[in-house]
file model_29.txt (compact mmCIF, C-alpha atoms)
# COMPACT_ATOMS: atom_id res chain seq x y z
CA MET A 1 0.00 0.00 0.00
CA ARG A 2 1.38 3.38 -0.95
CA HIS A 3 1.83 5.99 1.73
CA ARG A 4 -0.51 8.97 1.96
CA ILE A 5 1.83 11.96 1.56
CA ALA A 6 1.02 15.67 1.62
CA VAL A 7 3.27 18.67 1.11
CA VAL A 8 2.21 22.04 2.48
CA GLY A 9 3.35 24.89 0.23
CA SER A 10 3.85 25.25 -3.52
CA GLY A 11 7.16 27.10 -3.52
CA PRO A 12 10.24 25.71 -5.31
CA GLY A 13 10.93 23.13 -2.57
CA GLY A 14 7.39 21.83 -2.27
CA LEU A 15 6.88 21.63 -6.03
CA THR A 16 10.22 19.87 -6.58
CA PHE A 17 9.29 17.31 -3.92
CA ALA A 18 5.92 16.71 -5.59
CA ARG A 19 7.40 16.64 -9.09
CA VAL A 20 9.96 13.96 -8.21
CA LEU A 21 7.28 11.82 -6.55
CA HIS A 22 5.12 12.32 -9.64
CA ARG A 23 8.01 11.17 -11.82
CA HIS A 24 8.10 7.97 -9.77
CA ASP A 25 4.32 7.52 -10.15
CA HIS A 26 3.75 8.06 -6.44
CA PRO A 27 0.64 10.10 -5.53
CA VAL A 28 1.14 13.26 -3.48
CA THR A 29 -1.25 15.93 -2.25
CA VAL A 30 0.00 19.51 -2.71
CA LEU A 31 -1.72 22.00 -0.41
CA GLU A 32 -1.41 25.74 -1.07
CA ARG A 33 -3.18 28.58 0.72
CA ASP A 34 -3.15 30.91 -2.32
CA PRO A 35 -6.37 30.67 -4.35
CA GLY A 36 -4.43 30.15 -7.59
CA PRO A 37 -0.96 30.22 -9.16
CA ASP A 38 -1.23 33.91 -10.10
CA ALA A 39 -2.77 35.13 -6.85
CA ARG A 40 0.32 37.20 -5.98
CA PRO A 41 3.58 38.27 -7.65
CA PRO A 42 5.95 35.29 -7.78
CA GLY A 43 9.05 37.31 -6.86
CA GLY A 44 12.31 37.97 -8.65
CA THR A 45 14.94 35.87 -10.34
CA LEU A 46 16.78 32.88 -8.87
CA ASP A 47 20.27 31.58 -9.59
CA LEU A 48 20.22 27.80 -9.53
CA HIS A 49 23.54 26.19 -8.62
CA GLU A 50 24.96 23.21 -10.49
CA GLY A 51 25.25 20.98 -7.42
CA LEU A 52 22.02 22.13 -5.75
CA GLY A 53 19.02 23.48 -7.66
CA GLN A 54 20.13 22.13 -11.03
CA LEU A 55 20.75 18.71 -9.51
CA ALA A 56 17.21 18.80 -8.11
CA LEU A 57 15.80 19.65 -11.54
CA ASP A 58 17.74 16.75 -13.03
CA LYS A 59 16.16 14.41 -10.47
CA ALA A 60 12.77 15.86 -11.48
CA GLY A 61 13.51 15.20 -15.17
CA VAL A 62 13.23 18.85 -16.26
CA LEU A 63 16.87 20.01 -16.42
CA ALA A 64 16.87 20.31 -20.22
CA LYS A 65 13.76 22.51 -20.12
CA PHE A 66 15.40 24.66 -17.44
CA GLU A 67 18.49 25.09 -19.59
CA ALA A 68 16.31 26.32 -22.46
CA LEU A 69 14.61 28.91 -20.22
CA SER A 70 17.47 30.07 -18.01
CA ARG A 71 19.78 33.03 -18.59
CA PRO A 72 23.50 32.19 -18.12
CA GLU A 73 24.30 35.82 -18.96
CA GLY A 74 22.33 36.79 -15.84
CA GLN A 75 25.30 35.65 -13.74
CA ALA A 76 27.10 38.92 -14.62
CA MET A 77 27.80 41.13 -11.59
CA ARG A 78 28.93 44.73 -11.44
CA ILE A 79 29.85 46.56 -8.22
CA LEU A 80 29.92 50.35 -7.97
CA ASP A 81 31.20 52.73 -5.35
CA THR A 82 28.54 55.06 -3.97
CA ASP A 83 29.91 57.79 -6.28
CA GLY A 84 29.28 55.59 -9.32
CA THR A 85 32.86 54.38 -9.86
CA VAL A 86 32.98 50.81 -11.20
CA LEU A 87 34.90 48.69 -8.69
CA ARG A 88 34.25 45.23 -10.13
CA ASP A 89 32.75 44.12 -13.45
CA TRP A 90 32.55 40.34 -13.70
CA ARG A 91 31.03 38.64 -16.73
CA PRO A 92 30.59 34.89 -17.14
CA ARG A 93 32.12 32.89 -19.94
CA PRO A 94 29.68 31.95 -22.73
CA ASP A 95 29.73 28.31 -21.52
CA ASP A 96 29.47 29.12 -17.80
CA ARG A 97 26.39 27.40 -16.36
CA ALA A 98 27.42 27.38 -12.71
CA ASN A 99 24.54 29.62 -11.54
CA PRO A 100 22.25 30.65 -14.43
CA GLU A 101 19.25 32.80 -13.59
CA ILE A 102 15.57 31.98 -14.09
CA ASP A 103 12.48 33.96 -13.16
CA ARG A 104 10.52 32.47 -10.28
CA ARG A 105 7.38 32.42 -12.39
CA GLN A 106 9.11 30.41 -15.13
CA LEU A 107 10.51 27.96 -12.57
CA ARG A 108 7.13 27.58 -10.90
CA ASP A 109 5.36 26.89 -14.20
CA LEU A 110 8.08 24.41 -15.18
CA LEU A 111 7.62 22.40 -11.99
CA LEU A 112 3.86 22.85 -11.79
CA ALA A 113 3.01 21.54 -15.27
CA PRO A 114 1.69 18.01 -14.48
CA LEU A 115 0.83 18.53 -10.82
CA ASP A 116 -2.66 18.79 -9.36
CA VAL A 117 -2.36 21.44 -6.65
CA GLN A 118 -5.20 21.96 -4.19
CA TRP A 119 -5.40 25.77 -4.24
CA GLY A 120 -7.02 27.77 -1.46
CA ARG A 121 -6.25 25.12 1.20
CA SER A 122 -4.97 27.19 4.11
CA VAL A 123 -3.36 25.00 6.79
CA THR A 124 -3.66 26.26 10.38
CA ARG A 125 -1.81 23.47 12.19
CA VAL A 126 -0.53 19.91 11.93
CA VAL A 127 -1.09 17.43 14.76
CA PRO A 128 1.24 14.40 14.73
CA GLY A 129 0.85 11.22 16.74
CA GLN A 130 -2.71 10.37 15.70
CA GLN A 131 -3.66 6.71 15.45
CA ASP A 132 -3.80 6.77 11.64
CA GLY A 133 -1.15 9.41 10.93
CA ALA A 134 -0.58 13.16 11.16
CA GLN A 135 -3.68 15.31 11.04
CA ILE A 136 -3.85 18.56 9.06
CA HIS A 137 -6.29 21.23 10.25
CA PHE A 138 -7.52 23.75 7.67
CA ALA A 139 -8.84 27.28 8.07
CA ASP A 140 -12.28 26.17 6.85
CA GLY A 141 -12.58 23.70 9.74
CA ARG A 142 -11.90 20.56 7.75
CA GLN A 143 -9.29 17.97 8.73
CA GLU A 144 -7.35 15.36 6.77
CA THR A 145 -4.90 12.67 7.86
CA PHE A 146 -1.72 11.56 6.09
CA ASP A 147 1.09 9.11 6.78
CA LEU A 148 3.59 11.96 6.17
CA VAL A 149 3.14 15.72 6.11
CA VAL A 150 6.05 17.70 4.65
CA GLY A 151 6.14 21.35 5.65
CA ALA A 152 7.50 23.39 2.75
CA ASP A 153 5.50 26.43 3.83
CA GLY A 154 8.22 29.00 4.29
CA ALA A 155 9.47 31.34 6.98
CA TRP A 156 6.25 31.46 9.00
CA SER A 157 5.45 27.79 8.56
CA ARG A 158 2.23 26.49 10.10
CA THR A 159 3.76 23.01 10.00
CA ARG A 160 6.91 23.86 12.01
CA PRO A 161 5.22 23.95 15.46
CA ALA A 162 4.48 20.23 15.10
CA VAL A 163 8.22 19.52 15.42
CA SER A 164 9.86 22.67 16.82
CA PRO A 165 8.87 25.64 19.03
CA VAL A 166 11.53 27.87 17.44
CA THR A 167 10.45 30.96 15.47
CA PRO A 168 12.50 33.24 13.19
CA HIS A 169 14.34 36.24 14.66
CA TYR A 170 14.97 39.61 13.02
CA THR A 171 18.51 39.88 11.65
CA GLY A 172 18.71 43.65 12.11
CA VAL A 173 18.66 44.17 8.34
CA THR A 174 15.63 45.40 6.44
CA SER A 175 15.05 45.18 2.69
CA VAL A 176 12.72 47.45 0.75
CA GLU A 177 11.94 46.15 -2.72
CA THR A 178 10.82 48.06 -5.79
CA SER A 179 10.80 47.36 -9.51
CA LEU A 180 11.12 48.97 -12.94
CA ASP A 181 9.37 47.72 -16.07
CA ASP A 182 10.36 47.95 -19.74
CA VAL A 183 13.71 49.29 -18.60
CA ASP A 184 15.47 48.98 -21.98
CA THR A 185 12.96 51.35 -23.57
CA ARG A 186 11.94 53.60 -20.69
CA HIS A 187 15.28 53.85 -18.84
CA PRO A 188 18.05 52.88 -21.29
CA ASP A 189 20.79 54.46 -19.15
CA LEU A 190 19.80 52.29 -16.20
CA ALA A 191 19.54 49.26 -18.49
CA ARG A 192 23.15 49.79 -19.54
CA LEU A 193 24.22 50.34 -15.93
CA ILE A 194 22.66 47.04 -14.82
CA GLY A 195 23.75 45.07 -17.88
CA ASP A 196 22.68 41.44 -18.29
CA GLY A 197 22.88 40.56 -14.61
CA SER A 198 23.05 42.73 -11.51
CA VAL A 199 24.63 45.91 -10.20
CA SER A 200 25.36 46.55 -6.52
CA ALA A 201 26.65 49.45 -4.46
CA TYR A 202 27.64 49.35 -0.80
CA GLY A 203 27.81 52.10 1.80
CA ALA A 204 28.05 52.09 5.57
CA ASN A 205 25.31 49.74 6.85
CA ARG A 206 23.34 49.98 3.60
CA SER A 207 23.35 48.69 0.04
CA LEU A 208 21.49 48.98 -3.25
CA VAL A 209 21.15 46.00 -5.58
CA ALA A 210 19.39 45.97 -8.96
CA GLN A 211 18.89 42.68 -10.78
CA ARG A 212 17.63 42.02 -14.27
CA ASN A 213 14.73 39.64 -14.76
CA SER A 214 13.40 38.57 -18.15
CA GLY A 215 11.26 40.86 -20.29
CA GLY A 216 13.01 44.09 -19.34
CA HIS A 217 11.87 43.84 -15.71
CA ILE A 218 14.27 44.99 -12.98
CA LYS A 219 14.05 44.25 -9.26
CA VAL A 220 15.70 46.76 -6.92
CA TYR A 221 16.53 46.03 -3.28
CA ALA A 222 17.50 48.70 -0.77
CA LYS A 223 18.97 47.02 2.32
CA PHE A 224 19.96 48.74 5.54
CA ARG A 225 20.46 48.12 9.24
CA ALA A 226 17.60 49.53 11.28
CA PRO A 227 15.30 48.68 14.19
CA LEU A 228 12.32 46.56 13.22
CA ASP A 229 10.03 49.55 13.83
CA TRP A 230 12.11 51.98 11.73
CA HIS A 231 8.96 52.87 9.77
CA ALA A 232 6.80 53.67 12.82
CA HIS A 233 6.16 57.22 11.63
CA LEU A 234 5.93 56.30 7.94
CA ASP A 235 2.91 55.09 6.01
CA LEU A 236 4.31 52.16 4.00
CA ALA A 237 1.31 52.40 1.65
CA ASP A 238 2.33 55.95 0.70
CA VAL A 239 4.67 55.36 -2.25
CA GLU A 240 6.01 58.91 -2.38
CA ALA A 241 6.65 58.99 1.37
CA VAL A 242 8.60 55.72 1.23
CA ARG A 243 10.53 56.93 -1.80
CA ALA A 244 11.47 60.19 -0.02
CA SER A 245 12.55 58.26 3.07
CA LEU A 246 14.81 55.96 1.03
CA LEU A 247 16.29 58.83 -0.98
CA ALA A 248 17.16 60.54 2.30
CA LEU A 249 18.74 57.32 3.60
CA PHE A 250 20.93 57.09 0.48
CA ASP A 251 21.56 60.82 0.21
CA GLY A 252 24.85 61.67 -1.48
CA TRP A 253 24.98 58.51 -3.60
CA ALA A 254 25.49 58.86 -7.36
CA PRO A 255 22.41 60.05 -9.30
CA PRO A 256 22.16 56.86 -11.43
CA LEU A 257 21.95 54.79 -8.25
CA LEU A 258 19.29 57.06 -6.77
CA ASP A 259 17.38 56.81 -10.06
CA LEU A 260 16.79 53.15 -9.23
CA LEU A 261 14.66 54.40 -6.34
CA ARG A 262 13.22 57.46 -8.10
CA HIS A 263 11.76 55.33 -10.90
CA GLY A 264 10.45 52.50 -8.68
CA THR A 265 6.75 51.85 -9.19
CA ALA A 266 5.89 50.54 -5.71
CA PHE A 267 7.72 49.62 -2.51
CA VAL A 268 7.47 46.42 -0.48
CA HIS A 269 8.87 46.24 3.06
CA ARG A 270 10.72 42.96 3.73
CA PRO A 271 12.56 42.79 7.06
CA LEU A 272 15.03 39.91 6.94
CA TYR A 273 14.43 37.11 9.42
CA ALA A 274 16.39 33.91 10.09
CA LEU A 275 16.19 30.75 12.16
CA PRO A 276 19.13 29.80 14.42
CA VAL A 277 22.12 28.65 12.38
CA SER A 278 21.99 25.09 13.72
CA HIS A 279 18.21 24.66 13.96
CA THR A 280 17.27 21.00 14.43
CA TRP A 281 14.52 19.14 16.27
CA THR A 282 13.79 15.81 17.86
CA HIS A 283 12.38 13.61 15.10
CA VAL A 284 8.58 13.44 15.08
CA PRO A 285 7.02 10.52 13.17
CA GLY A 286 4.70 11.63 10.40
CA VAL A 287 5.97 15.22 10.02
CA THR A 288 9.09 16.85 8.60
CA LEU A 289 10.19 20.18 7.15
CA LEU A 290 12.32 21.42 4.28
CA GLY A 291 13.50 24.75 2.91
CA ASP A 292 12.79 27.96 4.81
CA ALA A 293 10.41 26.14 7.13
CA ALA A 294 13.39 24.12 8.37
CA HIS A 295 16.32 26.53 8.05
CA LEU A 296 15.38 30.11 7.15
CA MET A 297 18.61 32.00 6.40
CA PRO A 298 19.64 35.33 4.86
CA PRO A 299 18.66 35.53 1.15
CA LEU A 300 22.07 35.18 -0.46
CA GLY A 301 21.28 32.61 -3.14
CA ALA A 302 21.15 29.40 -1.10
CA GLY A 303 17.57 29.11 0.18
CA ALA A 304 15.65 28.01 -2.91
CA ASN A 305 18.55 25.82 -4.05
CA LEU A 306 18.62 23.96 -0.74
CA ALA A 307 14.84 23.61 -0.62
CA MET A 308 14.72 22.13 -4.10
CA LEU A 309 17.50 19.62 -3.51
CA GLU A 310 15.98 18.61 -0.17
CA GLY A 311 12.60 18.11 -1.82
CA ALA A 312 14.14 16.00 -4.57
CA GLU A 313 16.21 13.87 -2.19
CA LEU A 314 13.35 13.21 0.21
CA ALA A 315 11.00 12.31 -2.64
CA GLU A 316 13.55 9.92 -4.16
CA SER A 317 14.04 8.20 -0.81
CA LEU A 318 10.31 7.75 -0.30
CA ALA A 319 9.69 6.56 -3.85
CA THR A 320 12.61 4.17 -4.22
CA ALA A 321 12.73 2.71 -0.71
CA PRO A 322 9.12 2.80 0.43
CA GLY A 323 9.41 0.11 3.12
CA ASP A 324 10.25 2.13 6.23
CA LEU A 325 8.89 5.64 5.73
CA ASP A 326 9.93 6.84 9.18
CA GLU A 327 13.54 5.69 8.79
CA ALA A 328 13.77 7.37 5.37
CA VAL A 329 12.64 10.65 6.92
CA ARG A 330 15.15 10.31 9.79
CA VAL A 331 18.02 9.82 7.35
CA PHE A 332 16.82 12.78 5.27
CA GLU A 333 16.66 15.08 8.30
CA GLU A 334 20.19 14.26 9.43
CA ARG A 335 21.55 14.96 5.96
CA MET A 336 19.52 18.16 5.61
CA TRP A 337 20.62 19.54 9.01
CA ALA A 338 24.31 19.04 8.28
CA ARG A 339 24.21 20.71 4.85
CA ALA A 340 21.84 23.52 5.87
CA GLY A 341 23.96 24.29 8.94
CA ARG A 342 26.99 24.87 6.71
CA TRP A 343 25.06 27.18 4.41
CA ALA A 344 23.43 29.04 7.29
CA LYS A 345 26.88 29.91 8.64
CA ILE A 346 28.00 31.09 5.19
CA THR A 347 24.94 33.25 4.53
CA THR A 348 24.85 34.71 8.04
CA ALA A 349 28.48 35.76 7.74
CA GLY A 350 27.81 37.01 4.23
CA LEU A 351 24.98 39.29 5.34
CA GLU A 352 27.19 40.72 8.08
CA ARG A 353 29.78 41.65 5.43
CA LEU A 354 27.38 42.87 2.73
CA VAL A 355 25.53 45.24 5.07
CA SER A 356 28.46 46.35 7.18
CA PRO A 357 29.82 49.53 8.77
CA ASP A 358 32.80 49.04 6.46
CA PRO A 359 31.80 48.83 2.76
CA ALA A 360 35.18 47.25 1.97
CA GLU A 361 33.87 44.09 3.63
CA ALA A 362 31.29 43.74 0.85
CA ILE A 363 33.97 43.98 -1.83
CA ALA A 364 36.05 41.40 0.02
CA GLN A 365 33.01 39.11 0.16
CA PHE A 366 32.55 39.43 -3.60
CA ASP A 367 36.23 38.73 -4.28
CA GLN A 368 36.07 35.64 -2.09
CA VAL A 369 33.02 34.25 -3.86
CA GLN A 370 33.82 35.44 -7.37
CA PRO A 371 37.55 36.19 -7.72
CA SER A 372 38.57 38.16 -10.78
call {"tool": "encode", "arguments": {"input": "model_29.txt", "output": "structure tokens"}}
result
Amino acid sequence: MRHRIAVVGSGPGGLTFARVLHRHDHPVTVLERDPGPDARPPGGTLDLHEGLGQLALDKAGVLAKFEALSRPEGQAMRILDTDGTVLRDWRPRPDDRANPEIDRRQLRDLLLAPLDVQWGRSVTRVVPGQQDGAQIHFADGRQETFDLVVGADGAWSRTRPAVSPVTPHYTGVTSVETSLDDVDTRHPDLARLIGDGSVSAYGANRSLVAQRNSGGHIKVYAKFRAPLDWHAHLDLADVEAVRASLLALFDGWAPPLLDLLRHGTAFVHRPLYALPVSHTWTHVPGVTLLGDAAHLMPPLGAGANLAMLEGAELAESLATAPGDLDEAVRVFEERMWARAGRWAKITTAGLERLVSPDPAEAIAQFDQVQPS
């Protein structure tokens, strides 16, 4: 008899898990609180690493389709001083596929294609230890029971309390996101500044990063150290007020950098949270976590990659060695904790250097990761 398996969340990790099970002809229930795939903006671009996200896509049987959609040229990175001086200008080789970029929407659609997601199923809690499995409680009052519930439901996971009481803590760094559309036509100077990939500038305890997505769409991230309530006297729904506040925060920076904020169409406040670097839990039969639900860390390119590989590995274990489900999950958790702990240390240290009192630390971080 095949196990009843549910995954909560239809992000990259949850969909990769479901897609690999689907490839092995194992049924899986995908539960997503959003009412549909286009209910909210999918977010910016992702760089998928050869040994992580790309390996997961290979296990899911869609690597060739990813290669056709992805943008290897998006790996290009340019770093400016706050006065606009170019400090670093790294461009990938034509055959470099170490970390090609892909829009989140494209990745989602690629993974989603054959899956039957139950949209609008908002999970409120998961109760393990029931006689016939782990019980999922939904916002509409309904309940369902599964042999295994996989929480892939992100930073504020409703599945996590079933295995761990730990909640994310504020890192001290806030990100405010904006975007520019049709940049090649409407803002050609900025398009040239950003190039095919991303442009970054670092000041004392603050940074600006602009990253090209497909279709002439640019995501801009203003990051700075501030108390969590830094906006207490600011209406975050007032676009012009937020713009003025950010321009004041980056006052004195080169005009082209400030234009990234001046031309932004809307602003989204995203304080950066993280779980403890070595977050683990005592194994609970019938429930496990992956991705941000298990190991939320600073957003420096590892999170989605880890979630996808974890989803693929867990699904392969369940599909190819279905005898002892609980033992397969135990082995998965031990492997996940060890790898995620290493990456959490790297990304935590990276955030400290990229949003630092000394901007030279950010340049040193770049040189360490991407030497010239």
call {"tool": "closest_residue", "arguments": {"input": "model_29.txt", "among": "A:Leu111, A:Leu260, A:Val209, A:Ala312", "to": "Asp189 of chain A", "atoms": "only C-alpha atoms"}}
result
A:Leu260
call {"tool": "residues_around", "arguments": {"input": "model_29.txt", "residues": "Ala338 of chain A", "least_positions_apart": "2", "cutoff": "12 Å", "atoms": "only C-alpha atoms", "output": "PyMOL selection string"}}
result
chain A and resi 277-280+295+306+310+331-336+340-345
call {"tool": "write_last_selection", "arguments": {"input": "model_29.txt", "atoms": "C-alpha atoms", "output": "short mmCIF file (atom, residue, chain, number, x, y, z; two decimals), keeping the file's coordinate frame"}}
result
data_model
loop_
_atom_site.label_atom_id
_atom_site.label_comp_id
_atom_site.auth_asym_id
_atom_site.auth_seq_id
_atom_site.Cartn_x
_atom_site.Cartn_y
_atom_site.Cartn_z
CA VAL A 277 22.12 28.65 12.38
CA SER A 278 21.99 25.09 13.72
CA HIS A 279 18.21 24.66 13.96
CA THR A 280 17.27 21.00 14.43
CA HIS A 295 16.32 26.53 8.05
CA LEU A 306 18.62 23.96 -0.74
CA GLU A 310 15.98 18.61 -0.17
CA VAL A 331 18.02 9.82 7.35
CA PHE A 332 16.82 12.78 5.27
CA GLU A 333 16.66 15.08 8.30
CA GLU A 334 20.19 14.26 9.43
CA ARG A 335 21.55 14.96 5.96
CA MET A 336 19.52 18.16 5.61
CA ALA A 340 21.84 23.52 5.87
CA GLY A 341 23.96 24.29 8.94
CA ARG A 342 26.99 24.87 6.71
CA TRP A 343 25.06 27.18 4.41
CA ALA A 344 23.43 29.04 7.29
CA LYS A 345 26.88 29.91 8.64
#
call {"tool": "atom_distance", "arguments": {"input": "model_29.txt", "atom1": "atom CA of Leu148 of chain A", "atom2": "atom CA of Pro161 of chain A"}}
result
15.3 Å
call {"tool": "residues_near_point", "arguments": {"input": "model_29.txt", "point": "(20.8, 18.9, -9.3)", "cutoff": "12 Å", "atoms": "only C-alpha atoms", "output": "JSON list (two decimals) with C-alpha atoms, in the frame of the given file"}}
result
[["chain", "number", "residue", "atom", "x", "y", "z"],
["A", 16, "THR", "CA", 10.22, 19.87, -6.58],
["A", 20, "VAL", "CA", 9.96, 13.96, -8.21],
["A", 48, "LEU", "CA", 20.22, 27.80, -9.53],
["A", 49, "HIS", "CA", 23.54, 26.19, -8.62],
["A", 50, "GLU", "CA", 24.96, 23.21, -10.49],
["A", 51, "GLY", "CA", 25.25, 20.98, -7.42],
["A", 52, "LEU", "CA", 22.02, 22.13, -5.75],
["A", 53, "GLY", "CA", 19.02, 23.48, -7.66],
["A", 54, "GLN", "CA", 20.13, 22.13, -11.03],
["A", 55, "LEU", "CA", 20.75, 18.71, -9.51],
["A", 56, "ALA", "CA", 17.21, 18.80, -8.11],
["A", 57, "LEU", "CA", 15.80, 19.65, -11.54],
["A", 58, "ASP", "CA", 17.74, 16.75, -13.03],
["A", 59, "LYS", "CA", 16.16, 14.41, -10.47],
["A", 60, "ALA", "CA", 12.77, 15.86, -11.48],
["A", 61, "GLY", "CA", 13.51, 15.20, -15.17],
["A", 62, "VAL", "CA", 13.23, 18.85, -16.26],
["A", 63, "LEU", "CA", 16.87, 20.01, -16.42],
["A", 64, "ALA", "CA", 16.87, 20.31, -20.22],
["A", 66, "PHE", "CA", 15.40, 24.66, -17.44],
["A", 98, "ALA", "CA", 27.42, 27.38, -12.71],
["A", 99, "ASN", "CA", 24.54, 29.62, -11.54],
["A", 305, "ASN", "CA", 18.55, 25.82, -4.05],
["A", 306, "LEU", "CA", 18.62, 23.96, -0.74],
["A", 307, "ALA", "CA", 14.84, 23.61, -0.62],
["A", 308, "MET", "CA", 14.72, 22.13, -4.10],
["A", 309, "LEU", "CA", 17.50, 19.62, -3.51],
["A", 310, "GLU", "CA", 15.98, 18.61, -0.17],
["A", 311, "GLY", "CA", 12.60, 18.11, -1.82],
["A", 312, "ALA", "CA", 14.14, 16.00, -4.57],
["A", 313, "GLU", "CA", 16.21, 13.87, -2.19]]
call {"tool": "residues_around", "arguments": {"input": "model_29.txt", "residues": "Arg353 of chain A", "least_positions_apart": "5", "cutoff": "9 Å", "atoms": "only C-alpha atoms", "output": "list of chain:residue names"}}
result
A:Thr348, A:Asp358, A:Pro359, A:Ala360, A:Glu361, A:Ala362, A:Ile363, A:Ala364, A:Gln365
call {"tool": "write_last_selection", "arguments": {"input": "model_29.txt", "atoms": "C-alpha atoms", "output": "PDB file, in the frame of the given file"}}
result
ATOM      1  CA  THR A 348      24.850  34.710   8.040  1.00  0.00           C
ATOM      2  CA  ASP A 358      32.800  49.040   6.460  1.00  0.00           C
ATOM      3  CA  PRO A 359      31.800  48.830   2.760  1.00  0.00           C
ATOM      4  CA  ALA A 360      35.180  47.250   1.970  1.00  0.00           C
ATOM      5  CA  GLU A 361      33.870  44.090   3.630  1.00  0.00           C
ATOM      6  CA  ALA A 362      31.290  43.740   0.850  1.00  0.00           C
ATOM      7  CA  ILE A 363      33.970  43.980  -1.830  1.00  0.00           C
ATOM      8  CA  ALA A 364      36.050  41.400   0.020  1.00  0.00           C
ATOM      9  CA  GLN A 365      33.010  39.110   0.160  1.00  0.00           C
TER      10      GLN A 365
END
call {"tool": "residues_around", "arguments": {"input": "model_29.txt", "residues": "Gln118 of chain A", "least_positions_apart": "4", "cutoff": "12 Å", "atoms": "only C-alpha atoms", "output": "PyMOL selection string"}}
result
chain A and resi 6-10+28-37+112+122-123
call {"tool": "atom_distance", "arguments": {"input": "model_29.txt", "atom1": "atom CA of Asp103 of chain A", "atom2": "atom CA of Asp184 of chain A"}}
result
17.7 Å
call {"tool": "atom_distance", "arguments": {"input": "model_29.txt", "atom1": "atom CA of Gly252 of chain A", "atom2": "atom CA of Leu80 of chain A"}}
result
14.0 Å
call {"tool": "residues_around", "arguments": {"input": "model_29.txt", "residues": "segment 242-247 of chain A", "least_positions_apart": "5", "cutoff": "7 Å", "atoms": "only C-alpha atoms", "output": "list in words"}}
result
Leu236, Leu258, Leu261 and Arg262 of chain A
call {"tool": "closest_residue", "arguments": {"input": "model_29.txt", "among": "A:Gly264, A:Ser200, A:Val126, A:Asp324", "to": "Val150 of chain A", "atoms": "only C-alpha atoms"}}
result
A:Val126
call {"tool": "closest_residue", "arguments": {"input": "model_29.txt", "among": "A:Asp83, A:Asp38, A:Thr124, A:Val173", "to": "Gly141 of chain A", "atoms": "only C-alpha atoms"}}
result
A:Thr124
call {"tool": "residues_near_point", "arguments": {"input": "model_29.txt", "point": "(29.6, 42.8, -11.0)", "cutoff": "6 Å", "atoms": "all atoms listed in the file", "output": "list in words"}}
result
Ala76, Met77, Arg78, Ile79, Arg88, Asp89, Trp90 and Val199 of chain A
call {"tool": "residues_around", "arguments": {"input": "model_29.txt", "residues": "Val355 of chain A", "least_positions_apart": "2", "cutoff": "7 Å", "atoms": "only C-alpha atoms", "output": "compact mmCIF listing (two decimals) with C-alpha atoms, keeping the file's coordinate frame"}}
result
# COMPACT_ATOMS: atom_id res chain seq x y z
CA ASN A 205 25.31 49.74 6.85
CA ARG A 206 23.34 49.98 3.60
CA SER A 207 23.35 48.69 0.04
CA PHE A 224 19.96 48.74 5.54
CA LEU A 351 24.98 39.29 5.34
CA GLU A 352 27.19 40.72 8.08
CA ARG A 353 29.78 41.65 5.43
call {"tool": "closest_residue", "arguments": {"input": "model_29.txt", "among": "A:Glu316, A:Gln75, A:Asp235, A:Gly120", "to": "Ala39 of chain A", "atoms": "all atoms listed in the file"}}
result
A:Gly120
call {"tool": "build_atoms", "arguments": {"input": "model_29.txt", "residues": "segment 258-265 of chain A", "atoms": "N, CA, C and O atoms", "output": "PDB file, in the coordinates of the input"}}
result
ATOM      1  N   LEU A 258      20.532  56.538  -7.350  1.00  0.00           N
ATOM      2  CA  LEU A 258      19.290  57.060  -6.770  1.00  0.00           C
ATOM      3  C   LEU A 258      18.131  56.947  -7.753  1.00  0.00           C
ATOM      4  O   LEU A 258      16.974  56.818  -7.342  1.00  0.00           O
ATOM      5  N   ASP A 259      18.438  56.974  -9.066  1.00  0.00           N
ATOM      6  CA  ASP A 259      17.380  56.810 -10.060  1.00  0.00           C
ATOM      7  C   ASP A 259      16.695  55.449  -9.951  1.00  0.00           C
ATOM      8  O   ASP A 259      15.529  55.295 -10.339  1.00  0.00           O
ATOM      9  N   LEU A 260      17.413  54.453  -9.441  1.00  0.00           N
ATOM     10  CA  LEU A 260      16.790  53.150  -9.230  1.00  0.00           C
ATOM     11  C   LEU A 260      15.628  53.245  -8.251  1.00  0.00           C
ATOM     12  O   LEU A 260      14.645  52.499  -8.346  1.00  0.00           O
ATOM     13  N   LEU A 261      15.735  54.165  -7.299  1.00  0.00           N
ATOM     14  CA  LEU A 261      14.660  54.400  -6.340  1.00  0.00           C
ATOM     15  C   LEU A 261      13.644  55.407  -6.872  1.00  0.00           C
ATOM     16  O   LEU A 261      12.433  55.258  -6.668  1.00  0.00           O
ATOM     17  N   ARG A 262      14.124  56.421  -7.576  1.00  0.00           N
ATOM     18  CA  ARG A 262      13.220  57.460  -8.100  1.00  0.00           C
ATOM     19  C   ARG A 262      12.210  56.891  -9.079  1.00  0.00           C
ATOM     20  O   ARG A 262      11.069  57.341  -9.152  1.00  0.00           O
ATOM     21  N   HIS A 263      12.632  55.881  -9.869  1.00  0.00           N
ATOM     22  CA  HIS A 263      11.760  55.330 -10.900  1.00  0.00           C
ATOM     23  C   HIS A 263      11.004  54.079 -10.437  1.00  0.00           C
ATOM     24  O   HIS A 263      10.288  53.476 -11.241  1.00  0.00           O
ATOM     25  N   GLY A 264      11.172  53.677  -9.185  1.00  0.00           N
ATOM     26  CA  GLY A 264      10.450  52.500  -8.680  1.00  0.00           C
ATOM     27  C   GLY A 264       8.952  52.729  -8.690  1.00  0.00           C
ATOM     28  O   GLY A 264       8.469  53.829  -8.378  1.00  0.00           O
ATOM     29  N   THR A 265       8.198  51.700  -9.045  1.00  0.00           N
ATOM     30  CA  THR A 265       6.750  51.850  -9.190  1.00  0.00           C
ATOM     31  C   THR A 265       5.983  51.624  -7.895  1.00  0.00           C
ATOM     32  O   THR A 265       4.883  52.137  -7.720  1.00  0.00           O
TER      33      THR A 265
END
